file structure_1.tsv (TSV, C-alpha atoms)
chain	number	residue	atom	x	y	z
K	1	MET	CA	187.61	199.08	185.27
K	2	ILE	CA	190.54	200.71	183.57
K	3	GLU	CA	189.72	204.26	182.50
K	4	VAL	CA	192.03	205.99	180.08
K	5	LYS	CA	191.20	209.69	180.06
K	6	ASP	CA	192.44	212.02	177.36
K	7	ILE	CA	196.07	210.93	177.48
K	8	LYS	CA	198.60	212.73	175.31
K	9	LYS	CA	202.14	211.73	174.61
K	10	LYS	CA	204.92	213.24	172.54
K	11	PHE	CA	208.11	211.50	171.51
K	12	GLY	CA	210.40	214.31	170.46
K	13	ARG	CA	208.35	216.32	168.00
K	14	ARG	CA	206.06	213.46	167.18
K	15	GLN	CA	202.67	213.56	168.91
K	16	VAL	CA	202.01	209.82	169.26
K	17	LEU	CA	198.87	210.08	171.42
K	18	LYS	CA	196.63	213.07	170.75
K	19	GLY	CA	194.11	212.65	173.57
K	20	VAL	CA	193.11	209.02	173.85
K	21	SER	CA	190.12	208.02	175.99
K	22	PHE	CA	188.43	204.65	176.44
K	23	THR	CA	187.42	202.23	179.18
K	24	ALA	CA	188.04	198.53	179.68
K	25	ASN	CA	185.78	196.60	182.05
K	26	GLU	CA	186.63	193.74	184.33
K	27	GLY	CA	185.34	190.44	182.97
K	28	GLU	CA	185.49	191.73	179.42
K	29	ILE	CA	187.94	191.52	176.54
K	30	THR	CA	188.70	194.91	175.05
K	31	CYS	CA	190.56	195.01	171.77
K	32	LEU	CA	192.64	197.97	170.63
K	33	ILE	CA	192.82	197.89	166.86
K	34	GLY	CA	194.94	199.92	164.51
K	35	ILE	CA	197.75	199.53	162.04
K	36	ASN	CA	201.31	199.51	163.36
K	37	GLY	CA	202.51	202.84	164.62
K	38	VAL	CA	199.20	204.29	165.79
K	39	GLY	CA	200.26	204.17	169.43
K	40	LYS	CA	198.75	200.90	170.67
K	41	THR	CA	201.86	199.79	172.53
K	42	THR	CA	202.39	203.30	173.90
K	43	ILE	CA	198.91	203.15	175.41
K	44	LEU	CA	199.67	199.85	177.16
K	45	ASN	CA	202.99	201.22	178.36
K	46	ALA	CA	201.20	204.30	179.65
K	47	ILE	CA	198.70	202.18	181.61
K	48	MET	CA	201.65	200.38	183.19
K	49	ALA	CA	203.36	203.74	183.83
K	50	LEU	CA	206.33	202.48	181.83
K	51	THR	CA	205.93	205.55	179.65
K	52	PRO	CA	205.00	208.78	181.44
K	53	VAL	CA	202.27	210.66	179.59
K	54	ASN	CA	202.37	214.42	179.01
K	55	SER	CA	198.76	214.93	180.09
K	56	GLY	CA	195.57	213.07	180.91
K	57	GLU	CA	195.06	210.36	183.50
K	58	ILE	CA	194.58	206.66	183.90
K	59	LEU	CA	192.33	205.25	186.61
K	60	LEU	CA	192.27	201.70	187.87
K	61	ASP	CA	189.00	200.82	189.61
K	62	GLY	CA	188.39	204.53	190.05
K	63	LYS	CA	191.77	205.38	191.54
K	64	LYS	CA	194.99	206.75	190.15
K	65	VAL	CA	197.45	204.05	189.26
K	66	THR	CA	199.98	203.54	192.05
K	67	LYS	CA	202.80	201.12	192.78
K	68	GLU	CA	200.43	198.91	194.77
K	69	SER	CA	197.82	198.85	192.08
K	70	PHE	CA	200.31	197.39	189.62
K	71	GLU	CA	199.89	194.15	191.50
K	72	LYS	CA	196.42	194.05	190.00
K	73	ILE	CA	197.70	194.22	186.40
K	74	THR	CA	200.07	192.24	184.29
K	75	PHE	CA	201.54	193.35	180.99
K	76	ILE	CA	202.48	190.69	178.45
K	77	PRO	CA	204.74	192.29	175.84
K	78	ASP	CA	204.80	191.12	172.24
K	79	ALA	CA	208.12	189.34	172.71
K	80	ILE	CA	209.33	187.18	175.56
K	81	THR	CA	211.60	188.96	178.02
K	82	MET	CA	213.25	185.87	179.50
K	83	ILE	CA	216.85	184.95	178.76
K	84	PRO	CA	216.87	182.48	175.85
K	85	GLN	CA	219.25	180.09	177.61
K	86	MET	CA	216.70	179.52	180.35
K	87	THR	CA	214.34	176.56	180.28
K	88	ILE	CA	210.60	177.05	180.66
K	89	ALA	CA	210.87	175.66	184.20
K	90	GLU	CA	213.58	178.17	185.08
K	91	SER	CA	211.51	181.03	183.69
K	92	MET	CA	208.63	179.91	185.85
K	93	GLU	CA	210.87	179.81	188.92
K	94	PHE	CA	212.11	183.28	188.10
K	95	MET	CA	208.54	184.57	187.96
K	96	ASP	CA	207.72	182.78	191.22
K	97	ASP	CA	210.68	184.48	192.95
K	98	TYR	CA	209.90	187.85	191.50
K	99	TYR	CA	206.10	188.12	191.82
K	100	ASN	CA	203.91	187.57	194.85
K	101	ALA	CA	200.97	187.04	192.55
K	102	TRP	CA	202.52	183.97	190.87
K	103	ASN	CA	200.08	181.05	190.93
K	104	GLN	CA	201.93	177.77	190.41
K	105	LYS	CA	198.75	175.75	190.02
K	106	ARG	CA	197.55	177.93	187.20
K	107	ALA	CA	201.02	177.90	185.62
K	108	ASP	CA	200.96	174.10	185.55
K	109	GLU	CA	197.49	174.18	184.08
K	110	LEU	CA	198.67	176.55	181.37
K	111	LEU	CA	201.61	174.28	180.58
K	112	LYS	CA	199.18	171.46	179.97
K	113	PHE	CA	196.78	173.71	178.08
K	114	PHE	CA	199.52	174.79	175.66
K	115	LYS	CA	201.12	171.31	175.58
K	116	LEU	CA	204.54	172.69	176.51
K	117	LYS	CA	207.43	170.78	178.05
K	118	LYS	CA	209.06	172.38	181.09
K	119	GLU	CA	212.56	171.11	180.28
K	120	GLU	CA	212.79	172.88	176.94
K	121	LYS	CA	215.04	175.86	176.53
K	122	ILE	CA	213.39	179.05	175.35
K	123	SER	CA	215.98	179.38	172.57
K	124	SER	CA	214.92	176.01	171.14
K	125	LEU	CA	211.21	176.84	170.92
K	126	SER	CA	209.29	177.64	167.74
K	127	LYS	CA	207.87	181.14	167.41
K	128	GLY	CA	204.42	179.86	168.27
K	129	ASN	CA	205.61	178.06	171.39
K	130	THR	CA	207.67	181.06	172.47
K	131	ALA	CA	204.52	183.17	172.25
K	132	LYS	CA	202.68	180.59	174.36
K	133	VAL	CA	205.40	180.61	177.06
K	134	ASN	CA	205.25	184.38	177.06
K	135	LEU	CA	201.49	184.27	177.64
K	136	LEU	CA	201.83	181.55	180.25
K	137	LEU	CA	204.22	183.61	182.34
K	138	GLY	CA	201.78	186.53	182.38
K	139	LEU	CA	198.54	184.61	182.74
K	140	ALA	CA	199.80	182.55	185.67
K	141	LEU	CA	199.78	185.67	187.82
K	142	ASP	CA	196.72	186.23	190.01
K	143	VAL	CA	195.77	189.66	188.76
K	144	ASP	CA	192.52	191.38	187.84
K	145	TYR	CA	193.70	192.85	184.56
K	146	VAL	CA	195.83	191.47	181.75
K	147	LEU	CA	197.30	193.63	178.99
K	148	MET	CA	198.53	191.74	175.94
K	149	ASP	CA	200.47	193.34	173.17
K	150	GLU	CA	199.88	191.65	169.80
K	151	PRO	CA	199.49	188.10	171.14
K	152	PHE	CA	198.68	186.75	167.68
K	153	SER	CA	201.35	188.48	165.70
K	154	GLY	CA	203.76	186.50	163.55
K	155	ILE	CA	202.81	182.99	164.62
K	156	ASP	CA	201.33	179.99	162.83
K	157	ILE	CA	197.59	179.40	162.58
K	158	PHE	CA	197.51	176.45	165.01
K	159	SER	CA	199.29	178.42	167.69
K	160	ARG	CA	196.90	181.28	167.05
K	161	GLU	CA	193.94	178.96	167.50
K	162	GLN	CA	195.39	177.58	170.71
K	163	ILE	CA	195.98	181.05	172.07
K	164	ALA	CA	192.47	182.08	171.07
K	165	ASP	CA	191.16	179.11	173.08
K	166	VAL	CA	192.63	180.66	176.21
K	167	PHE	CA	190.15	183.50	175.86
K	168	THR	CA	187.17	181.18	176.13
K	169	SER	CA	188.63	179.15	179.00
K	170	HIS	CA	188.49	179.57	182.77
K	171	LEU	CA	192.11	180.75	182.60
K	172	ILE	CA	190.83	184.21	181.69
K	173	GLU	CA	187.44	184.14	183.38
K	174	GLY	CA	186.44	187.22	185.30
K	175	ARG	CA	189.53	189.22	184.45
K	176	GLY	CA	189.64	192.38	182.43
K	177	VAL	CA	191.73	191.92	179.30
K	178	ILE	CA	193.06	194.52	176.91
K	179	ILE	CA	194.68	193.18	173.79
K	180	THR	CA	196.17	195.03	170.87
K	181	THR	CA	196.05	193.62	167.38
K	182	HIS	CA	196.00	194.65	163.76
K	183	GLU	CA	194.38	191.38	162.72
K	184	ILE	CA	190.86	190.85	163.99
K	185	SER	CA	189.45	187.91	162.01
K	186	ASP	CA	190.71	185.19	164.39
K	187	ILE	CA	189.09	186.74	167.41
K	188	GLU	CA	185.99	188.49	166.15
K	189	HIS	CA	183.71	186.25	168.25
K	190	LEU	CA	185.88	186.40	171.34
K	191	ILE	CA	185.96	190.07	172.13
K	192	ASP	CA	183.45	192.23	173.98
K	193	LYS	CA	184.62	195.65	173.05
K	194	VAL	CA	186.50	197.27	170.19
K	195	VAL	CA	188.49	200.51	170.23
K	196	LEU	CA	189.52	201.68	166.77
K	197	LEU	CA	192.64	203.83	166.76
K	198	ASP	CA	194.27	205.92	164.12
K	199	GLU	CA	197.20	208.31	164.37
K	200	GLY	CA	196.96	208.75	168.13
K	201	VAL	CA	193.19	209.22	168.36
K	202	VAL	CA	190.23	206.94	169.08
K	203	LEU	CA	188.01	206.88	166.00
K	204	LYS	CA	185.34	204.68	167.52
K	205	GLU	CA	184.66	202.63	170.63
K	206	PHE	CA	181.88	200.03	170.51
K	207	ASN	CA	180.56	196.73	171.82
K	208	SER	CA	180.77	194.08	169.10
K	209	GLU	CA	177.50	192.28	169.94
K	210	GLU	CA	175.63	195.59	170.13
K	211	VAL	CA	176.82	196.65	166.71
K	212	ARG	CA	175.72	193.29	165.26
K	213	GLU	CA	172.37	193.59	167.01
K	214	SER	CA	171.51	197.20	166.24
K	215	GLU	CA	173.18	197.67	162.87
K	216	GLY	CA	173.67	194.13	161.52
K	217	LYS	CA	177.34	194.85	161.00
K	218	SER	CA	180.41	192.80	161.71
K	219	VAL	CA	183.44	194.30	163.43
K	220	VAL	CA	185.23	194.30	160.08
K	221	ASP	CA	182.27	196.14	158.47
K	222	VAL	CA	182.60	198.91	161.05
K	223	MET	CA	186.36	199.04	160.57
K	224	ARG	CA	185.91	199.39	156.83
K	225	GLU	CA	183.51	202.30	157.32
K	226	VAL	CA	185.62	204.07	159.90
K	227	TYR	CA	189.00	203.70	158.25
K	228	LYS	CA	187.76	204.47	154.75
K	229	ALA	CA	186.03	207.66	155.86
D	1	MET	CA	179.31	170.75	169.24
D	2	LYS	CA	180.55	172.75	166.27
D	3	VAL	CA	178.72	175.76	164.93
D	4	LYS	CA	179.71	178.05	162.12
D	5	PHE	CA	178.88	181.57	163.21
D	6	ASN	CA	178.41	184.45	160.82
D	7	ASN	CA	179.87	187.82	161.70
D	8	ARG	CA	176.83	190.02	161.20
D	9	ASP	CA	174.17	188.55	163.45
D	10	PRO	CA	174.61	188.83	167.19
D	11	VAL	CA	176.43	185.71	168.30
D	12	TYR	CA	174.04	185.16	171.21
D	13	VAL	CA	171.10	185.06	168.78
D	14	GLN	CA	172.95	182.46	166.73
D	15	VAL	CA	173.57	180.38	169.84
D	16	VAL	CA	169.86	180.49	170.74
D	17	ARG	CA	168.98	179.45	167.21
D	18	HIS	CA	171.43	176.58	167.36
D	19	PHE	CA	169.74	175.33	170.53
D	20	LYS	CA	166.33	175.63	168.92
D	21	GLU	CA	167.50	173.51	166.01
D	22	GLN	CA	168.92	170.92	168.36
D	23	ILE	CA	165.66	170.84	170.30
D	24	ALA	CA	163.49	170.66	167.18
D	25	THR	CA	165.53	167.80	165.72
D	26	GLY	CA	165.57	165.91	168.99
D	27	MET	CA	169.35	166.16	169.40
D	28	LEU	CA	168.58	167.79	172.72
D	29	GLU	CA	165.76	166.06	174.56
D	30	GLN	CA	163.37	167.55	177.05
D	31	GLY	CA	164.78	167.60	180.55
D	32	GLN	CA	168.31	166.98	179.24
D	33	GLU	CA	171.13	168.79	181.00
D	34	VAL	CA	172.97	171.32	178.87
D	35	SER	CA	176.69	172.08	179.11
D	36	SER	CA	177.75	174.79	181.53
D	37	ARG	CA	178.27	178.28	180.22
D	38	ARG	CA	182.01	177.84	180.56
D	39	GLU	CA	182.07	174.53	178.67
D	40	LEU	CA	179.90	175.96	175.96
D	41	ALA	CA	182.15	178.99	175.48
D	42	SER	CA	185.11	176.65	175.06
D	43	GLN	CA	183.30	174.29	172.72
D	44	LEU	CA	181.85	177.02	170.53
D	45	LYS	CA	184.95	179.21	170.81
D	46	ILE	CA	183.01	182.31	171.67
D	47	ASN	CA	183.09	184.91	174.41
D	48	PRO	CA	181.77	183.59	177.76
D	49	ASN	CA	179.74	186.79	178.25
D	50	THR	CA	177.99	186.03	174.96
D	51	VAL	CA	177.10	182.54	176.16
D	52	GLN	CA	175.78	184.07	179.36
D	53	ARG	CA	173.58	186.38	177.31
D	54	ALA	CA	172.32	183.44	175.22
D	55	PHE	CA	171.39	181.50	178.37
D	56	LYS	CA	169.53	184.48	179.73
D	57	GLU	CA	167.60	184.78	176.48
D	58	MET	CA	166.81	181.06	176.45
D	59	GLU	CA	165.57	181.23	180.02
D	60	GLU	CA	163.33	184.14	179.13
D	61	GLN	CA	161.93	182.24	176.15
D	62	GLY	CA	161.36	179.23	178.37
D	63	LEU	CA	163.70	176.98	176.37
D	64	ILE	CA	165.79	176.07	179.38
D	65	TYR	CA	165.26	176.21	183.11
D	66	THR	CA	167.72	176.33	185.95
D	67	GLU	CA	167.03	175.02	189.42
D	68	LYS	CA	169.22	176.18	192.27
D	69	ASN	CA	172.80	174.88	192.19
D	70	SER	CA	172.26	172.51	189.31
D	71	PRO	CA	172.98	172.64	185.58
D	72	SER	CA	170.41	174.16	183.26
D	73	LYS	CA	168.06	171.73	181.56
D	74	ILE	CA	165.99	171.74	178.38
D	75	THR	CA	162.37	172.57	179.11
D	76	LYS	CA	159.73	169.86	179.45
D	77	ASP	CA	156.98	172.28	178.52
D	78	GLU	CA	155.28	170.64	175.51
D	79	GLN	CA	153.85	173.95	174.38
D	80	VAL	CA	157.27	175.57	174.20
D	81	LEU	CA	158.79	172.58	172.43
D	82	HIS	CA	155.97	172.61	169.92
D	83	ARG	CA	156.40	176.33	169.36
D	84	VAL	CA	160.12	175.94	168.69
D	85	ARG	CA	159.50	173.34	166.00
D	86	GLU	CA	156.75	175.45	164.45
D	87	GLU	CA	158.93	178.55	164.48
D	88	LEU	CA	161.81	176.85	162.67
D	89	ILE	CA	159.54	175.29	160.06
D	90	LEU	CA	157.79	178.57	159.36
D	91	GLU	CA	161.11	180.36	159.07
D	92	ALA	CA	162.42	177.80	156.59
D	93	VAL	CA	159.22	177.95	154.55
D	94	ASP	CA	159.40	181.74	154.55
D	95	THR	CA	162.92	181.71	153.18
D	96	PHE	CA	161.96	179.12	150.59
D	97	VAL	CA	158.85	180.95	149.43
D	98	THR	CA	160.71	184.25	149.18
D	99	SER	CA	163.37	182.75	146.98
D	100	VAL	CA	161.06	180.80	144.64
D	101	ARG	CA	158.48	183.56	144.36
D	102	SER	CA	160.88	185.55	142.21
D	103	ILE	CA	160.90	182.68	139.67
D	104	ASN	CA	157.08	182.67	139.40
D	105	VAL	CA	156.46	178.94	139.70
D	106	PRO	CA	152.80	177.85	139.92
D	107	VAL	CA	152.21	176.53	143.43
D	108	ASP	CA	150.98	173.09	142.23
D	109	GLU	CA	154.14	172.54	140.24
D	110	LEU	CA	156.15	173.64	143.25
D	111	VAL	CA	154.38	171.24	145.60
D	112	GLU	CA	155.01	168.41	143.14
D	113	LEU	CA	158.71	169.31	142.97
D	114	VAL	CA	158.98	169.54	146.75
D	115	LYS	CA	157.42	166.07	147.08
D	116	GLU	CA	159.82	164.55	144.56
D	117	LYS	CA	162.82	166.19	146.13
D	118	TYR	CA	161.69	165.08	149.58
D	119	ALA	CA	161.25	161.47	148.45
D	120	ALA	CA	164.68	161.45	146.78
D	121	ASP	CA	166.37	162.90	149.86
D	122	SER	CA	164.61	160.50	152.21
D	123	LYS	CA	165.80	157.60	150.05
D	124	LYS	CA	169.34	158.90	150.20
D	125	GLN	CA	169.18	159.26	153.95
D	126	GLY	CA	167.61	155.81	154.30
D	127	GLY	CA	170.48	154.44	152.27
D	128	ASN	CA	172.94	155.99	154.63
D	129	ILE	CA	171.35	154.34	157.61
D	130	ASP	CA	171.58	150.95	155.89
D	131	ASP	CA	175.29	151.41	155.19

call {"tool": "encode", "arguments": {"input": "structure_1.tsv", "output": "structure tokens"}}
result
Amino acid sequence: MIEVKDIKKKFGRRQVLKGVSFTANEGEITCLIGINGVGKTTILNAIMALTPVNSGEILLDGKKVTKESFEKITFIPDAITMIPQMTIAESMEFMDDYYNAWNQKRADELLKFFKLKKEEKISSLSKGNTAKVNLLLGLALDVDYVLMDEPFSGIDIFSREQIADVFTSHLIEGRGVIITTHEISDIEHLIDKVVLLDEGVVLKEFNSEEVRESEGKSVVDVMREVYKA
Amino acid sequence: MKVKFNNRDPVYVQVVRHFKEQIATGMLEQGQEVSSRRELASQLKINPNTVQRAFKEMEEQGLIYTEKNSPSKITKDEQVLHRVREELILEAVDTFVTSVRSINVPVDELVELVKEKYAADSKKQGGNIDD
């Protein structure tokens, strides 16, 4: 379980996170929702200790995040970080060299799953396929937790559907996933938990099936209520 | 297997209902193996934990049974199968009655209309089979 406890973060005079708390369980998909600029990416960066927080703490399976524990998590940013001149195969080799947790078998499976060709250069890929390579490189690591920043943003509907299919496949099974998005409709049936953010605070944290069961509301219904209030 | 899910009912409840429909219409036969939880999540494009919950519910209702180390199967219990069919019919009739009641149609006229409609639909379906 990833526990985010009352984290605060200032950039200059701007208080981006004003005490954010939530939990994300292993084997579940937790979705951080909020319009751009509410601090979603900052939260992911904080979990990865890429951005030091001013106060609060983040626990991974009950312990403070350390260098070793990072081997349990992977962070997939919203844009690919590989050099565009590299081919997909070369990017995969790079990951293999760099990470102990690289799982070649799973990488090959993901290639097939996304129908990508190894020989292609990253610079020649469509936006959708670039997003898929980006996900592939992160998901091929044997880790317990996967953080994804806006995996559905700015790509065509078919790529979105293909990426959504990953969430129901064995390629994710058992892992804890945190994804950020501002567009929920594609994945409403895929997620376990929703964390609604606004201006650096958590407005509501709920389980999507529970809210359907007890209140007969969709995730979007709850969002409408919370954000309009 | 394609199912259109709505966003306001729990997805696991909708999965259970889908299975009941399949059982009642004979699409799923007694004793038939059902897809694994993983396969089902992929086919239906829903969260694997939700499928797990649906299976648990179906086991509790006696719709499926799982023997050690083998895939779940549709129940052979005639009583359960009968109950499923009954439940779906009653539900449909309930919905129908609720919606026509507001129009105040005499029940005899209604029964006549239902018969006509049924005959027309059966003809249509029969035609399809002949095609």

call {"tool": "atom_distance", "arguments": {"input": "structure_1.tsv", "atom1": "CA of Glu161 (chain K)", "atom2": "CA of Val133 (chain K)"}}
result
15.0 Å

call {"tool": "residues_around", "arguments": {"input": "structure_1.tsv", "residues": "Asn134 (chain K)", "least_positions_apart": "3", "cutoff": "9 Å", "atoms": "all atoms listed in the file", "output": "PyMOL selection string"}}
result
chain K and resi 76-82+129-131+137-139

call {"tool": "interface_residues", "arguments": {"input": "structure_1.tsv", "of": "chain K", "to": "chain D", "cutoff": "9 Å", "atoms": "all atoms listed in the file", "output": "PyMOL selection string"}}
result
chain K and resi 27-29+164-170+173+187-192+208-221

call {"tool": "write_last_selection", "arguments": {"input": "structure_1.tsv", "atoms": "C-alpha atoms", "output": "mmCIF file, in the frame of the given file"}}
result
data_model
loop_
_atom_site.group_PDB
_atom_site.id
_atom_site.type_symbol
_atom_site.label_atom_id
_atom_site.label_comp_id
_atom_site.auth_asym_id
_atom_site.auth_seq_id
_atom_site.Cartn_x
_atom_site.Cartn_y
_atom_site.Cartn_z
ATOM 1 C CA GLY K 27 185.340 190.440 182.970
ATOM 2 C CA GLU K 28 185.490 191.730 179.420
ATOM 3 C CA ILE K 29 187.940 191.520 176.540
ATOM 4 C CA ALA K 164 192.470 182.080 171.070
ATOM 5 C CA ASP K 165 191.160 179.110 173.080
ATOM 6 C CA VAL K 166 192.630 180.660 176.210
ATOM 7 C CA PHE K 167 190.150 183.500 175.860
ATOM 8 C CA THR K 168 187.170 181.180 176.130
ATOM 9 C CA SER K 169 188.630 179.150 179.000
ATOM 10 C CA HIS K 170 188.490 179.570 182.770
ATOM 11 C CA GLU K 173 187.440 184.140 183.380
ATOM 12 C CA ILE K 187 189.090 186.740 167.410
ATOM 13 C CA GLU K 188 185.990 188.490 166.150
ATOM 14 C CA HIS K 189 183.710 186.250 168.250
ATOM 15 C CA LEU K 190 185.880 186.400 171.340
ATOM 16 C CA ILE K 191 185.960 190.070 172.130
ATOM 17 C CA ASP K 192 183.450 192.230 173.980
ATOM 18 C CA SER K 208 180.770 194.080 169.100
ATOM 19 C CA GLU K 209 177.500 192.280 169.940
ATOM 20 C CA GLU K 210 175.630 195.590 170.130
ATOM 21 C CA VAL K 211 176.820 196.650 166.710
ATOM 22 C CA ARG K 212 175.720 193.290 165.260
ATOM 23 C CA GLU K 213 172.370 193.590 167.010
ATOM 24 C CA SER K 214 171.510 197.200 166.240
ATOM 25 C CA GLU K 215 173.180 197.670 162.870
ATOM 26 C CA GLY K 216 173.670 194.130 161.520
ATOM 27 C CA LYS K 217 177.340 194.850 161.000
ATOM 28 C CA SER K 218 180.410 192.800 161.710
ATOM 29 C CA VAL K 219 183.440 194.300 163.430
ATOM 30 C CA VAL K 220 185.230 194.300 160.080
ATOM 31 C CA ASP K 221 182.270 196.140 158.470
#

call {"tool": "residues_around", "arguments": {"input": "structure_1.tsv", "residues": "region 28-30 of chain D", "least_positions_apart": "4", "cutoff": "12 Å", "atoms": "all atoms listed in the file", "output": "mmCIF file with C-alpha atoms, in the coordinates of the input"}}
result
data_model
loop_
_atom_site.group_PDB
_atom_site.id
_atom_site.type_symbol
_atom_site.label_atom_id
_atom_site.label_comp_id
_atom_site.auth_asym_id
_atom_site.auth_seq_id
_atom_site.Cartn_x
_atom_site.Cartn_y
_atom_site.Cartn_z
ATOM 1 C CA MET D 1 179.310 170.750 169.240
ATOM 2 C CA HIS D 18 171.430 176.580 167.360
ATOM 3 C CA PHE D 19 169.740 175.330 170.530
ATOM 4 C CA LYS D 20 166.330 175.630 168.920
ATOM 5 C CA GLU D 21 167.500 173.510 166.010
ATOM 6 C CA GLN D 22 168.920 170.920 168.360
ATOM 7 C CA ILE D 23 165.660 170.840 170.300
ATOM 8 C CA ALA D 24 163.490 170.660 167.180
ATOM 9 C CA VAL D 34 172.970 171.320 178.870
ATOM 10 C CA SER D 35 176.690 172.080 179.110
ATOM 11 C CA GLY D 62 161.360 179.230 178.370
ATOM 12 C CA LEU D 63 163.700 176.980 176.370
ATOM 13 C CA ILE D 64 165.790 176.070 179.380
ATOM 14 C CA TYR D 65 165.260 176.210 183.110
ATOM 15 C CA SER D 72 170.410 174.160 183.260
ATOM 16 C CA LYS D 73 168.060 171.730 181.560
ATOM 17 C CA ILE D 74 165.990 171.740 178.380
ATOM 18 C CA THR D 75 162.370 172.570 179.110
ATOM 19 C CA LYS D 76 159.730 169.860 179.450
ATOM 20 C CA ASP D 77 156.980 172.280 178.520
ATOM 21 C CA GLU D 78 155.280 170.640 175.510
ATOM 22 C CA GLN D 79 153.850 173.950 174.380
ATOM 23 C CA VAL D 80 157.270 175.570 174.200
ATOM 24 C CA LEU D 81 158.790 172.580 172.430
ATOM 25 C CA HIS D 82 155.970 172.610 169.920
#

call {"tool": "residues_near_point", "arguments": {"input": "structure_1.tsv", "point": "(157.1, 170.8, 153.7)", "cutoff": "9 Å", "atoms": "only C-alpha atoms", "output": "PyMOL selection string"}}
result
chain D and resi 89+93+111+114-115+118

call {"tool": "axis_aligned_box", "arguments": {"input": "structure_1.tsv", "around": "region 159-171 of chain K", "padding_each_side": "8 Å", "output": "JSON"}}
result
{"center_x": 193.2, "center_y": 180.5, "center_z": 174.9, "size_x": 28.1, "size_y": 21.9, "size_z": 31.7}

call {"tool": "residues_around", "arguments": {"input": "structure_1.tsv", "residues": "region 52-62 of chain K", "least_positions_apart": "3", "cutoff": "6 Å", "atoms": "all atoms listed in the file", "output": "VMD selection string"}}
result
chain K and resid 1 to 9 49 65

call {"tool": "atom_distance", "arguments": {"input": "structure_1.tsv", "atom1": "CA of Ile83 (chain K)", "atom2": "CA of Leu32 (chain K)"}}
result
28.7 Å

call {"tool": "atom_distance", "arguments": {"input": "structure_1.tsv", "atom1": "CA of Tyr145 (chain K)", "atom2": "CA of Lys72 (chain K)"}}
result
6.2 Å

call {"tool": "closest_residue", "arguments": {"input": "structure_1.tsv", "among": "K:Met223, K:Ala229, K:Leu141, K:Val20", "to": "Glu183 (chain K)", "atoms": "all atoms listed in the file"}}
result
K:Met223

call {"tool": "closest_residue", "arguments": {"input": "structure_1.tsv", "among": "K:Thr41, K:Leu203, K:Lys118, K:Glu225", "to": "Thr181 (chain K)", "atoms": "all atoms listed in the file"}}
result
K:Thr41
